[in-house]
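Participant: Structure supplied as structure-v1.csv; contents: CSV, C-alpha atoms.
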chain,number,residue,atom,x,y,z
A,1,MET,CA,-6.9,-15.1,-20.9
A,2,ASN,CA,-4.5,-12.9,-19.0
A,3,SER,CA,-3.4,-9.9,-21.0
A,4,LEU,CA,-0.7,-8.9,-18.5
A,5,PRO,CA,2.8,-10.2,-19.0
A,6,THR,CA,3.9,-13.1,-16.8
A,7,PRO,CA,6.2,-11.8,-14.1
A,8,VAL,CA,9.8,-12.5,-14.4
A,9,PRO,CA,11.2,-14.3,-11.3
A,10,ARG,CA,13.2,-11.8,-9.2
A,11,VAL,CA,16.8,-12.5,-8.7
A,12,SER,CA,17.9,-12.5,-5.0
A,13,ALA,CA,20.1,-9.6,-4.0
A,14,ALA,CA,22.9,-12.1,-3.1
A,15,GLN,CA,22.9,-13.3,-6.8
A,16,LEU,CA,23.4,-9.9,-8.3
A,17,PRO,CA,26.9,-8.6,-9.2
A,18,ALA,CA,27.8,-5.8,-6.8
A,19,THR,CA,27.5,-3.0,-9.4
A,20,ARG,CA,24.0,-4.1,-10.4
A,21,PHE,CA,23.0,-4.5,-6.7
A,22,HIS,CA,24.1,-1.0,-5.9
A,23,LEU,CA,22.5,0.4,-9.1
A,24,SER,CA,19.2,-1.3,-8.3
A,25,THR,CA,19.3,0.1,-4.8
A,26,LEU,CA,20.0,3.6,-6.1
A,27,VAL,CA,17.2,3.4,-8.6
A,28,VAL,CA,14.6,2.5,-5.9
A,29,ALA,CA,16.1,5.2,-3.6
A,30,ILE,CA,15.7,7.9,-6.3
A,31,VAL,CA,12.1,6.8,-7.0
A,32,ALA,CA,11.4,6.9,-3.3
A,33,SER,CA,13.0,10.4,-3.0
A,34,SER,CA,11.1,11.7,-6.0
A,35,THR,CA,7.8,10.2,-4.8
A,36,THR,CA,8.4,11.9,-1.4
A,37,PHE,CA,9.1,15.2,-3.1
A,38,LEU,CA,5.9,14.9,-5.1
A,39,THR,CA,3.9,14.0,-2.0
A,40,LEU,CA,5.2,16.9,0.1
A,41,GLY,CA,4.9,19.3,-2.9
A,42,ALA,CA,1.2,18.4,-3.0
A,43,ALA,CA,0.9,19.1,0.8
A,44,LEU,CA,0.2,15.5,1.5
A,45,PRO,CA,1.6,13.4,4.4
A,46,ALA,CA,4.7,11.5,3.4
A,47,TRP,CA,4.0,8.8,6.0
A,48,THR,CA,0.8,7.9,4.3
A,49,MET,CA,2.6,7.8,0.9
A,50,PHE,CA,4.9,5.1,2.4
A,51,LEU,CA,1.9,3.1,3.7
A,52,GLY,CA,0.5,3.1,0.2
A,53,TRP,CA,4.0,2.0,-1.1
A,54,VAL,CA,4.1,-0.9,1.4
A,55,ALA,CA,0.4,-1.8,0.7
A,56,HIS,CA,1.2,-2.1,-3.0
A,57,ASP,CA,4.0,-4.6,-2.3
A,58,THR,CA,2.2,-6.7,0.3
A,59,ALA,CA,1.1,-9.5,-2.0
A,60,GLY,CA,2.0,-10.5,-5.6
A,61,SER,CA,4.3,-8.9,-8.1
A,62,THR,CA,2.1,-8.1,-11.1
A,63,LEU,CA,0.6,-4.8,-11.9
A,64,ARG,CA,-2.9,-6.3,-11.5
A,65,GLU,CA,-2.0,-7.6,-8.0
A,66,GLY,CA,-0.5,-4.2,-7.1
A,67,VAL,CA,-3.7,-2.4,-8.1
A,68,ALA,CA,-5.8,-4.9,-6.1
A,69,ASN,CA,-3.5,-4.2,-3.1
A,70,LEU,CA,-4.1,-0.5,-3.6
A,71,VAL,CA,-7.8,-1.0,-3.7
A,72,SER,CA,-7.6,-3.1,-0.5
A,73,PHE,CA,-5.6,-0.2,1.1
A,74,LEU,CA,-8.2,2.4,0.0
A,75,LEU,CA,-11.1,0.2,1.2
A,76,GLY,CA,-9.2,-0.1,4.6
A,77,LEU,CA,-9.0,3.7,4.7
A,78,GLY,CA,-12.7,3.9,4.3
A,79,LEU,CA,-13.4,1.2,6.8
A,80,GLY,CA,-11.1,2.8,9.2
A,81,ALA,CA,-13.1,6.0,8.9
A,82,GLY,CA,-16.3,4.0,9.4
A,83,THR,CA,-14.8,2.4,12.5
A,84,GLY,CA,-14.0,5.9,13.8
A,85,ILE,CA,-17.5,7.0,13.3
A,86,ALA,CA,-18.8,3.8,15.0
A,87,ILE,CA,-16.6,4.5,18.0
A,88,GLY,CA,-18.0,8.1,18.2
A,89,LEU,CA,-21.6,6.8,18.0
A,90,LEU,CA,-21.0,3.9,20.5
A,91,THR,CA,-19.1,5.8,23.2
A,92,PRO,CA,-22.1,7.6,24.7
A,93,VAL,CA,-23.9,4.3,24.9
A,94,VAL,CA,-21.3,1.8,26.0
A,95,GLY,CA,-18.4,4.0,27.2
A,96,ASP,CA,-14.9,2.5,27.1
A,97,ALA,CA,-16.3,-0.6,25.4
A,98,ALA,CA,-17.0,1.4,22.2
A,99,THR,CA,-13.5,0.9,20.7
A,100,PRO,CA,-13.2,-2.8,21.3
A,101,LEU,CA,-16.8,-3.4,20.0
A,102,ALA,CA,-16.2,-1.3,16.9
A,103,VAL,CA,-12.9,-3.1,16.2
A,104,LEU,CA,-14.6,-6.4,16.7
A,105,GLY,CA,-17.1,-5.5,13.9
A,106,ASP,CA,-14.4,-4.0,11.7
A,107,VAL,CA,-12.1,-7.0,11.9
A,108,ILE,CA,-15.0,-9.4,11.1
A,109,VAL,CA,-15.7,-7.3,8.0
A,110,VAL,CA,-12.0,-7.1,6.9
A,111,LEU,CA,-11.4,-10.8,7.4
A,112,SER,CA,-14.6,-11.7,5.7
A,113,LEU,CA,-13.2,-10.0,2.6
A,114,ARG,CA,-10.5,-12.6,2.4
A,115,ASN,CA,-12.7,-14.5,-0.1
A,116,LEU,CA,-13.5,-11.5,-2.2
A,117,ARG,CA,-10.9,-11.6,-5.0
A,118,PRO,CA,-9.0,-9.6,-6.0
A,119,ILE,CA,-9.3,-7.3,-3.0
A,120,ASN,CA,-8.7,-10.1,-0.5
A,121,ASN,CA,-5.6,-8.6,1.2
A,122,PRO,CA,-6.2,-8.0,4.9
A,123,LEU,CA,-2.7,-6.6,5.4
A,124,ALA,CA,-3.1,-3.9,2.8
A,125,ASN,CA,-6.6,-3.2,4.2
A,126,PHE,CA,-5.2,-2.8,7.7
A,127,LEU,CA,-2.5,-0.5,6.4
A,128,GLY,CA,-5.4,1.7,5.2
A,129,HIS,CA,-6.8,1.6,8.7
A,130,ILE,CA,-3.5,2.6,10.1
A,131,SER,CA,-3.4,5.5,7.7
A,132,PHE,CA,-6.7,6.8,9.0
A,133,PHE,CA,-6.1,6.3,12.7
A,134,ALA,CA,-2.5,7.6,12.6
A,135,SER,CA,-3.9,10.9,11.2
A,136,ALA,CA,-5.6,11.3,14.6
A,137,GLN,CA,-8.4,13.4,12.9
A,138,ALA,CA,-12.1,13.1,12.7
A,139,PRO,CA,-13.4,11.4,9.6
A,140,SER,CA,-14.1,13.7,6.7
A,141,ALA,CA,-14.2,13.6,2.9
A,142,SER,CA,-11.2,16.0,2.7
A,143,LEU,CA,-9.2,13.9,5.1
A,144,LEU,CA,-10.0,10.7,3.2
A,145,GLY,CA,-9.2,12.4,-0.1
A,146,MET,CA,-5.8,13.6,1.3
A,147,LEU,CA,-4.9,10.2,2.7
A,148,ALA,CA,-6.0,8.4,-0.4
A,149,ALA,CA,-4.1,10.7,-2.7
A,150,ALA,CA,-0.9,10.2,-0.7
A,151,GLY,CA,-1.4,6.4,-0.7
A,152,ILE,CA,-2.0,6.3,-4.4
A,153,ILE,CA,1.2,8.3,-5.0
A,154,GLY,CA,3.0,5.8,-2.8
A,155,ALA,CA,1.6,2.8,-4.7
A,156,ALA,CA,2.5,4.4,-8.0
A,157,GLY,CA,6.0,5.0,-6.7
A,158,ALA,CA,6.3,1.4,-5.6
A,159,ALA,CA,5.1,0.2,-9.0
A,160,MET,CA,7.6,2.4,-10.8
A,161,ALA,CA,10.4,1.4,-8.5
A,162,GLY,CA,9.6,-2.3,-9.0
A,163,TRP,CA,9.5,-2.0,-12.7
A,164,LEU,CA,12.8,0.0,-12.9
A,165,GLN,CA,14.4,-2.4,-10.5
A,166,SER,CA,13.5,-5.4,-12.5
A,167,ARG,CA,14.8,-3.7,-15.7
A,168,VAL,CA,18.2,-3.1,-13.9
A,169,GLU,CA,18.3,-6.6,-12.6
A,170,ARG,CA,17.5,-8.3,-15.9
A,171,ARG,CA,19.8,-6.2,-18.0
A,172,PRO,CA,22.4,-8.3,-19.9
A,173,VAL,CA,25.8,-8.1,-18.3
Write out the structure in this file as structure tokens.
Facilitator:
Amino acid sequence: MNSLPTPVPRVSAAQLPATRFHLSTLVVAIVASSTTFLTLGAALPAWTMFLGWVAHDTAGSTLREGVANLVSFLLGLGLGAGTGIAIGLLTPVVGDAATPLAVLGDVIVVLSLRNLRPINNPLANFLGHISFFASAQAPSASLLGMLAAAGIIGAAGAAMAGWLQSRVERRPV
């Protein structure tokens, strides 16, 4: 039995009265701004926060699905670091072929996870990879912790924004 509430179907933006449309937009913008302020205040990269935000919203609309998307993002972050390590180890042996070979193995792993519910979200996983590789730093526990923290803040912001937005959109007229 599912203990989480059934998601309420979202109303399309075109169906909202203008005032509710603008209020909904303002609510999400305020949450995004606040989440960015929190991220920067913690000396974390805002761009990774936004990748976590996007990862949260890549599939599904329930809290459980959002958490699964976040776990897929975090797994991708770790796999990205592993791919970075593999590239470093393979480069002295195979030269320029190291990156394509490491990516081949990585993509096989990521796409093989498609059957592993609930963390079967390749898009969120690859957003984690992007977070790691965009940092342009060598893999380390501190780097992964920093990127993970920013992604988690972003996913929490996305969850809060979605919840508040649905409250605004469902409010009786």
Participant: Grab the CA of Phe21 in chain A to CA of Glu169 in chain A distance for me, in Å with one decimal place.
Facilitator: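 That distance, rounded to one decimal, is 7.8 Å.
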Participant: Have a look at A:Ala155, A:Ala150, A:Leu89, A:Ala42 and name the one nearest to Thr58 in chain A; count only C-alpha atoms.
Facilitator: A:Ala155
Participant: Could you please determine the separation between CA of Val28 in chain A and CA of Gly157 in chain A in Å, to one decimal place?
Facilitator: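 These two atoms are separated by 9.0 Å.
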Participant: Looking at A:Ala148, A:Leu75, A:Leu63, A:Leu104, which one is nearest to Ile87 in chain A, with distances taken over all atoms listed in the file?
Facilitator: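 The answer is A:Leu104, which sits nearest to Ile87 in chain A.
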Participant: When you draw a straight line from CA of Leu40 in chain A to CA of Gly84 in chain A, how long is it in Å?
Facilitator: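 Atom-to-atom, CA of Leu40 in chain A and CA of Gly84 in chain A are spaced 26.0 Å apart.
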Participant: I'd like the contact shell of Val109 in chain A - 12 Å cut-off, all atoms listed in the file, skipping same-chain residues fewer than 4 positions apart - returned as a list in words.
Facilitator: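 Within the cut-off, the hits are Leu75, Gly76, Leu79, Gly80, Gly82, Thr83, Ala102, Val103, Leu104, Gly105, Leu113, Arg114, Asn115, Leu116, Asn120, Pro122, Asn125 and Phe126 of chain A.
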Participant: Using all atoms listed in the file for the distances, tell me which of A:Val94, A:Ile30, A:Met49, A:Val54 is nearest to Ala149 in chain A.
Facilitator: A:Met49
Participant: Using only C-alpha atoms, pick whichever of A:Ala81, A:Gln165, A:Arg170, A:Ala98 has the shortest atom-to-atom distance to Ser142 in chain A.
Facilitator: A:Ala81
Participant: Report as a ChimeraX atom specification all protein, DNA and RNA residues lying within 10 Å of Ala138 in chain A, evaluated on all atoms listed in the file, omitting residues in the same chain fewer than 3 positions from it.
Facilitator: /A:81,84-85,88,132-133,135,143
Participant: Could you check which of A:Ile153, A:Ala136, A:Ala124, A:Val93 is closest to Thr36 in chain A, using only C-alpha atoms?
Facilitator: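 Checking each candidate against Thr36 in chain A, we get A:Ile153 as the closest.
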Participant: With distances taken over all atoms listed in the file, which of A:Phe50, A:Leu74, A:Asp106, A:Pro45 is nearest to Ala86 in chain A?
Facilitator: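 Smallest distance to Ala86 in chain A is found for A:Asp106.
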Participant: Identify, on the basis of only C-alpha atoms, every residue whose closest approach to Ala29 in chain A does not exceed 12 Å; exclude the query and any residue fewer than 4 positions from it along the same chain; express the result as a VMD selection string.
Facilitator: chain A and resid 22 to 25 33 to 36 157 to 158 160 to 162 164 to 165
Participant: Considering all atoms listed in the file, return as a list in words whatever protein or nucleic-acid residues lie within 7 Å of Ile119 in chain A, sequence-local ones (same chain, fewer than 4 positions apart) excluded.
Facilitator: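 Answer for this query is Ala68, Asn69, Val71 and Ser72 of chain A.
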Participant: My structure is short of atoms at range 72-95 of chain A; please model N, CA, C and O atoms there, returning them as an mmCIF file, in the coordinates of the input.
Facilitator:
data_model
loop_
_atom_site.group_PDB
_atom_site.id
_atom_site.type_symbol
_atom_site.label_atom_id
_atom_site.label_comp_id
_atom_site.auth_asym_id
_atom_site.auth_seq_id
_atom_site.Cartn_x
_atom_site.Cartn_y
_atom_site.Cartn_z
ATOM 1 N N SER A 72 -7.425 -2.569 -1.867
ATOM 2 C CA SER A 72 -7.600 -3.100 -0.500
ATOM 3 C C SER A 72 -7.179 -1.982 0.504
ATOM 4 O O SER A 72 -7.841 -1.785 1.530
ATOM 5 N N PHE A 73 -6.089 -1.276 0.223
ATOM 6 C CA PHE A 73 -5.600 -0.200 1.100
ATOM 7 C C PHE A 73 -6.699 0.915 1.166
ATOM 8 O O PHE A 73 -7.045 1.382 2.251
ATOM 9 N N LEU A 74 -7.228 1.317 0.015
ATOM 10 C CA LEU A 74 -8.200 2.400 0.000
ATOM 11 C C LEU A 74 -9.520 1.947 0.692
ATOM 12 O O LEU A 74 -10.149 2.742 1.401
ATOM 13 N N LEU A 75 -9.896 0.692 0.509
ATOM 14 C CA LEU A 75 -11.100 0.200 1.200
ATOM 15 C C LEU A 75 -10.808 0.208 2.728
ATOM 16 O O LEU A 75 -11.685 0.595 3.504
ATOM 17 N N GLY A 76 -9.599 -0.152 3.140
ATOM 18 C CA GLY A 76 -9.200 -0.100 4.600
ATOM 19 C C GLY A 76 -9.287 1.311 5.104
ATOM 20 O O GLY A 76 -9.702 1.534 6.251
ATOM 21 N N LEU A 77 -8.891 2.261 4.286
ATOM 22 C CA LEU A 77 -9.000 3.700 4.700
ATOM 23 C C LEU A 77 -10.420 4.050 4.974
ATOM 24 O O LEU A 77 -10.728 4.645 6.009
ATOM 25 N N GLY A 78 -11.314 3.662 4.077
ATOM 26 C CA GLY A 78 -12.700 3.900 4.300
ATOM 27 C C GLY A 78 -13.316 3.186 5.463
ATOM 28 O O GLY A 78 -14.096 3.750 6.247
ATOM 29 N N LEU A 79 -12.931 1.926 5.611
ATOM 30 C CA LEU A 79 -13.400 1.200 6.800
ATOM 31 C C LEU A 79 -12.880 1.715 8.065
ATOM 32 O O LEU A 79 -13.580 1.718 9.089
ATOM 33 N N GLY A 80 -11.645 2.183 8.048
ATOM 34 C CA GLY A 80 -11.100 2.800 9.200
ATOM 35 C C GLY A 80 -11.892 4.030 9.639
ATOM 36 O O GLY A 80 -12.201 4.236 10.829
ATOM 37 N N ALA A 81 -12.256 4.854 8.651
ATOM 38 C CA ALA A 81 -13.100 6.000 8.900
ATOM 39 C C ALA A 81 -14.444 5.587 9.480
ATOM 40 O O ALA A 81 -14.970 6.197 10.425
ATOM 41 N N GLY A 82 -15.017 4.537 8.901
ATOM 42 C CA GLY A 82 -16.300 4.000 9.400
ATOM 43 C C GLY A 82 -16.176 3.525 10.835
ATOM 44 O O GLY A 82 -17.084 3.739 11.657
ATOM 45 N N THR A 83 -15.046 2.899 11.147
ATOM 46 C CA THR A 83 -14.800 2.400 12.500
ATOM 47 C C THR A 83 -14.698 3.645 13.456
ATOM 48 O O THR A 83 -15.228 3.624 14.585
ATOM 49 N N GLY A 84 -14.042 4.703 13.003
ATOM 50 C CA GLY A 84 -14.000 5.900 13.800
ATOM 51 C C GLY A 84 -15.319 6.509 14.087
ATOM 52 O O GLY A 84 -15.611 6.946 15.208
ATOM 53 N N ILE A 85 -16.178 6.507 13.077
ATOM 54 C CA ILE A 85 -17.500 7.000 13.300
ATOM 55 C C ILE A 85 -18.304 6.104 14.242
ATOM 56 O O ILE A 85 -19.006 6.589 15.141
ATOM 57 N N ALA A 86 -18.142 4.785 14.084
ATOM 58 C CA ALA A 86 -18.800 3.800 15.000
ATOM 59 C C ALA A 86 -18.377 4.048 16.427
ATOM 60 O O ALA A 86 -19.200 4.009 17.348
ATOM 61 N N ILE A 87 -17.095 4.291 16.634
ATOM 62 C CA ILE A 87 -16.600 4.500 18.000
ATOM 63 C C ILE A 87 -17.270 5.786 18.570
ATOM 64 O O ILE A 87 -17.719 5.785 19.724
ATOM 65 N N GLY A 88 -17.366 6.832 17.764
ATOM 66 C CA GLY A 88 -18.000 8.100 18.200
ATOM 67 C C GLY A 88 -19.481 7.841 18.562
ATOM 68 O O GLY A 88 -19.989 8.416 19.535
ATOM 69 N N LEU A 89 -20.168 7.026 17.789
ATOM 70 C CA LEU A 89 -21.600 6.800 18.000
ATOM 71 C C LEU A 89 -21.797 5.841 19.245
ATOM 72 O O LEU A 89 -22.776 5.982 19.991
ATOM 73 N N LEU A 90 -20.888 4.878 19.424
ATOM 74 C CA LEU A 90 -21.000 3.900 20.500
ATOM 75 C C LEU A 90 -20.584 4.433 21.867
ATOM 76 O O LEU A 90 -21.079 3.983 22.911
ATOM 77 N N THR A 91 -19.655 5.372 21.882
ATOM 78 C CA THR A 91 -19.100 5.800 23.200
ATOM 79 C C THR A 91 -20.139 6.346 24.139
ATOM 80 O O THR A 91 -20.100 5.956 25.320
ATOM 81 N N PRO A 92 -21.105 7.166 23.723
ATOM 82 C CA PRO A 92 -22.100 7.600 24.700
ATOM 83 C C PRO A 92 -22.965 6.472 25.253
ATOM 84 O O PRO A 92 -23.509 6.565 26.358
ATOM 85 N N VAL A 93 -23.070 5.398 24.496
ATOM 86 C CA VAL A 93 -23.900 4.300 24.900
ATOM 87 C C VAL A 93 -23.188 3.266 25.755
ATOM 88 O O VAL A 93 -23.705 2.813 26.784
ATOM 89 N N VAL A 94 -21.966 2.889 25.339
ATOM 90 C CA VAL A 94 -21.300 1.800 26.000
ATOM 91 C C VAL A 94 -19.924 2.240 26.636
ATOM 92 O O VAL A 94 -19.172 1.406 27.152
ATOM 93 N N GLY A 95 -19.610 3.512 26.569
ATOM 94 C CA GLY A 95 -18.400 4.000 27.200
ATOM 95 C C GLY A 95 -17.120 3.446 26.623
ATOM 96 O O GLY A 95 -16.936 3.400 25.408
#
